[in-house]
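J.: Structure provided below as structure tokens; questions to follow.
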Amino acid sequence: MTIEYATIAGGCFWCTEAVFKQIDGVVSVENGYIGGHTSNPTYREVCAGDTGHAEAIRLGFDPEKIGYGDLLDISFATHDPTQLNRQGNDIGTQYRSAIFPANEAQAEEAKAAILRAQEDQSSPIVTTIEGPAEWYPAEDYHQNYWEGEGQQNRYCLAVIPPKLQKLRKRYADRTKS
């Protein structure tokens with residue numbers, strides 16, 4: 001199996017991780033930080049908004065099962081790409097909507113995905129295409145968050161289930177059984 005990688009920011013990484021762990025063809029999801037100017041940032045530094053990094057996910061996926069463009073379409077359907085530097089009550093550049101292509105083919109597909117997504121929006125999409133940028137994995141306690149501590153976190157309990165409901169409604173054929 002060939003594995004390719006996609007790096008996407010769409011608000012809180014706990015929320016995006018929970019969505020993409022449900023997708024058939026996604027073989028790994030890692031939470032982390034990208035797009036900033038500090039080496040090895042910590043969660044506290046990123047949350048303070050001073051590093052320039054976005055909370056993001058790095059997806060390992062099997063391109064024989066799901067395409068890069070499909071992953072971007074799912075991202076656009078499960079977060080609000082029209083909110084500049086925020087998702088709901090999470091405010092700051094660390095919560096920006098951004099795509100970090102690994103190569104020129106992904107960059108072209110990102111442009112096409114933004115155009116597709118714009119058809120479903122009444123406000124302009126503000127998602128940026130950024131990169132290349134250094135990826136920094138988040139601290140261990142942020143990994144697999146929804147499956148563990150997230151089940152006790154009121155923020156996660158309020159935000160993640162509606163995202164998963166949107167996912168299952170629109171992309172039931174793409175989710176793991």
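By convention in this document, the chains of the structure tokens carry letters A, B, ... by their order, each chain's residues are numbered from 1, and ligands are numbered from 1 in the order they are shown.
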Identify all residues of chain A in alpha helix (DSSP H) (DSSP on the backbone) and supply them as a PyMOL selection string.
T.: chain A and resi 13-20+43-48+68-78+104-118+154-171
J.: Neighbouring residues of range 150-163 of chain A were defined as those with any atom within 12 Å, considering only C-alpha atoms; residues of the same chain fewer than 4 positions away were excluded. Please report them as a count of residues only.
T.: 34
J.: With a distance cut-off of 12 Å and only C-alpha atoms, select the neighbouring residues of Pro124 in chain A, excluding the residue or stretch itself and same-chain residues fewer than 5 positions from it, and output the selection as JSON, numbers by chain.
T.: {"A": [80, 81, 82, 83, 84, 114, 115, 117, 118, 119]}
J.: Name the residues of chain A that fall into strand (DSSP E) according to DSSP on the backbone, using the chain letters and numbers of this document, as a count of residues only.
T.: 36
J.: Would you give me, as a tab-separated table, each residue of range 41-71 of chain A having an atom within 6 Å of an atom of range 92-112 of chain A, along with its shortest atom pair and that distance in Å to one decimal, using only C-alpha atoms and sorting by chain and residue number?
T.:
residue	atom	partner	partner_atom	distance
A:His53	CA	A:Gln94	CA	5.6
A:Ala54	CA	A:Gln94	CA	3.9
A:Glu55	CA	A:Gln94	CA	5.6
J.: Compare A:Met1, A:Ala9, A:Leu71, A:Ala48 by their minimum atom-to-atom distance to Thr128 in chain A, counting only C-alpha atoms, and give me the closest one.
T.: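 Of all the options, A:Ala9 lies closest to Thr128 in chain A.
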J.: One number please: CA of Val126 in chain A to CA of Ala56 in chain A, in Å, one decimal.
T.: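 Computing it gives 16.1 Å between the two atoms.
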J.: Closest to Glu64 in chain A among A:Glu4, A:Gly32, A:Thr38, A:Asn85, using only C-alpha atoms?
T.: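 Distance minimum relative to Glu64 in chain A lands on A:Glu4.
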J.: Report, in Å with one decimal, the straight-line distance from CA of Gly49 in chain A to CA of Pro132 in chain A.
T.: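 Computed distance, CA of Gly49 in chain A to CA of Pro132 in chain A, equals 20.2 Å.
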J.: Within 12 Å of Pro41 in chain A, counting only C-alpha atoms, which residues show up once you throw out same-chain ones fewer than 4 positions away? Write them as a PyMOL selection string, please.
T.: chain A and resi 32-37+45-55+94+134-139
